[in-house]
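Report on one structure; see the data block that follows.
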Amino acid sequence: MLQINFECPYCKKSLMDPSYQIDDHPSLKVTIIFENKCGWIRMSSLYGSTHIESEHPIPDKTLTRFFCPNCGTELRSHRLCDKCNAPMVPFKITEGGLVEVCSRRGCEKHLAEFEDLEAELKAFYTAYSSYM
């Protein structure tokens with residue numbers, strides 16, 4: 001699997017937490033709200049991994065709202081999950097592009113998107129070629 005560095009698509013600050021590792025790599029840390037609970041969630045930064053740890057247990061099928069821990073902006077895409085119809089959550093790849101994950105606990109739908117496919121794939125390959 002490939003480890004990816006993420007940042008907020010709004011304030012552009014890093015969402016990576018090198019002090020808290022999941023799958024032996026820095027985790028992606030954001031704030032979540034669900035069922036009147038607010039807390040942190042840390043997710044694996046390995047593309048395709050569904051490993052998470054959270055401040056509060058998240059019941060299966062629960063819809064969660066995600067927020068940048070730096071600027072407080074809600075991370076919400078215009079896109080809905082094509083598996084369960086929940087809002088998708090965008091995370092900007094530091095080297096270019098976007099990864100979106102489903103906001104429903106237990107749904108493993110995710111996707112990667114690139115605006116300038118050639119330029120962003122080249123930057124992505126340059127940044128991550130040592131992992132391949």
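Residue numbering restarts at 1 in every chain; chains get A, B, ... in the order shown in the structure tokens, and ligands count up from 1 in that same order.
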Expected answer as a list in words: alpha helix (DSSP H) residues in range 47-126 of chain A: Leu117, Glu118, Ala119, Glu120, Leu121, Lys122, Ala123, Phe124, Tyr125 and Thr126 of chain A
Write the residues of the selection above to a file with N, CA and C atoms, as a compact mmCIF listing (two decimals), in the first residue's frame.
```txt
# COMPACT_ATOMS: atom_id res chain seq x y z
N LEU A 117 -4.47 15.70 -14.65
CA LEU A 117 -4.03 14.32 -14.51
C LEU A 117 -2.54 14.14 -14.77
N GLU A 118 -2.05 14.66 -15.86
CA GLU A 118 -0.64 14.46 -16.21
C GLU A 118 0.30 15.10 -15.19
N ALA A 119 0.07 16.36 -14.84
CA ALA A 119 0.96 17.07 -13.91
C ALA A 119 0.88 16.47 -12.50
N GLU A 120 -0.33 16.18 -12.03
CA GLU A 120 -0.48 15.67 -10.67
C GLU A 120 0.00 14.24 -10.54
N LEU A 121 -0.20 13.42 -11.56
CA LEU A 121 0.34 12.06 -11.51
C LEU A 121 1.86 12.07 -11.54
N LYS A 122 2.45 13.00 -12.29
CA LYS A 122 3.91 13.12 -12.33
C LYS A 122 4.43 13.52 -10.95
N ALA A 123 3.81 14.52 -10.31
CA ALA A 123 4.22 14.94 -8.97
C ALA A 123 4.00 13.81 -7.96
N PHE A 124 2.88 13.10 -8.10
CA PHE A 124 2.56 11.99 -7.23
C PHE A 124 3.61 10.89 -7.37
N TYR A 125 3.94 10.55 -8.61
CA TYR A 125 4.94 9.51 -8.88
C TYR A 125 6.30 9.92 -8.33
N THR A 126 6.70 11.18 -8.54
CA THR A 126 7.99 11.67 -8.05
C THR A 126 8.04 11.59 -6.53
```
10 Å contact set for Leu80 in chain A, only C-alpha atoms, chain neighbours under 3 positions out, as a ChimeraX atom specification: /A:76-77,83-89,101-103
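Taking only C-alpha atoms into account, Asn36 in chain A lies nearest to A:Leu63 out of the set A:Gln21, A:Tyr10, A:His51, A:Leu63.
Reported to one decimal place, the separation of CA of Lys61 in chain A from CA of Cys8 in chain A is 24.8 Å.
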Spatial neighbours of Tyr47 in chain A, max dist 9 Å, only C-alpha atoms, sep filter under 2 positions, as a list of chain:residue names: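 Surrounding residues, per the criterion: A:Met1, A:Leu2, A:Gln3, A:Ile4, A:Ser44, A:Ser45, A:Ser49, A:Thr50, A:Val99.
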Neighbour list for Ile52 in chain A as number ranges by chain, cut-off 9 Å, only C-alpha atoms, skip fewer than 6 positions in-chain: A: 22, 27, 41-44
Point-to-point distance in Å for CA of Glu113 in chain A and CA of Ile32 in chain A: 23.1 Å
All strand (DSSP E or B) residues (DSSP, backbone) inside range 15-112 of chain A, as a PyMOL selection string: chain A and resi 16-22+25-34+37-43+46+52-54+63+65-67+74+80+87-93+98-102+104+110-112
Nearest to Cys11 in chain A by atom-to-atom distance, counting only C-alpha atoms, from A:Ile58, A:Leu75, A:Cys38, A:Leu46: A:Leu75
Which residue of A:Ile33, A:Cys81, A:Leu98, A:Ile93 approaches Pro57 in chain A most closely, using only C-alpha atoms: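 Looking only at the distances to Pro57 in chain A, the closest residue turns out to be A:Ile33.
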Selected residue of minimal separation from Arg105 in chain A among A:Lys12, A:Lys37, A:His25, A:Arg65, counting only C-alpha atoms: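 When distances to Arg105 in chain A are compared using only C-alpha atoms, the smallest one comes from A:Arg65.
Distances to Cys71 in chain A were evaluated for A:Lys13, A:Ser54, A:Thr94, A:Asn5 using only C-alpha atoms, and the minimum falls at A:Lys13.
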Given only C-alpha atoms as the counted atoms, nearest of A:Glu7, A:Asp24, A:Glu35, A:Glu108 to Asp82 in chain A: A:Glu108
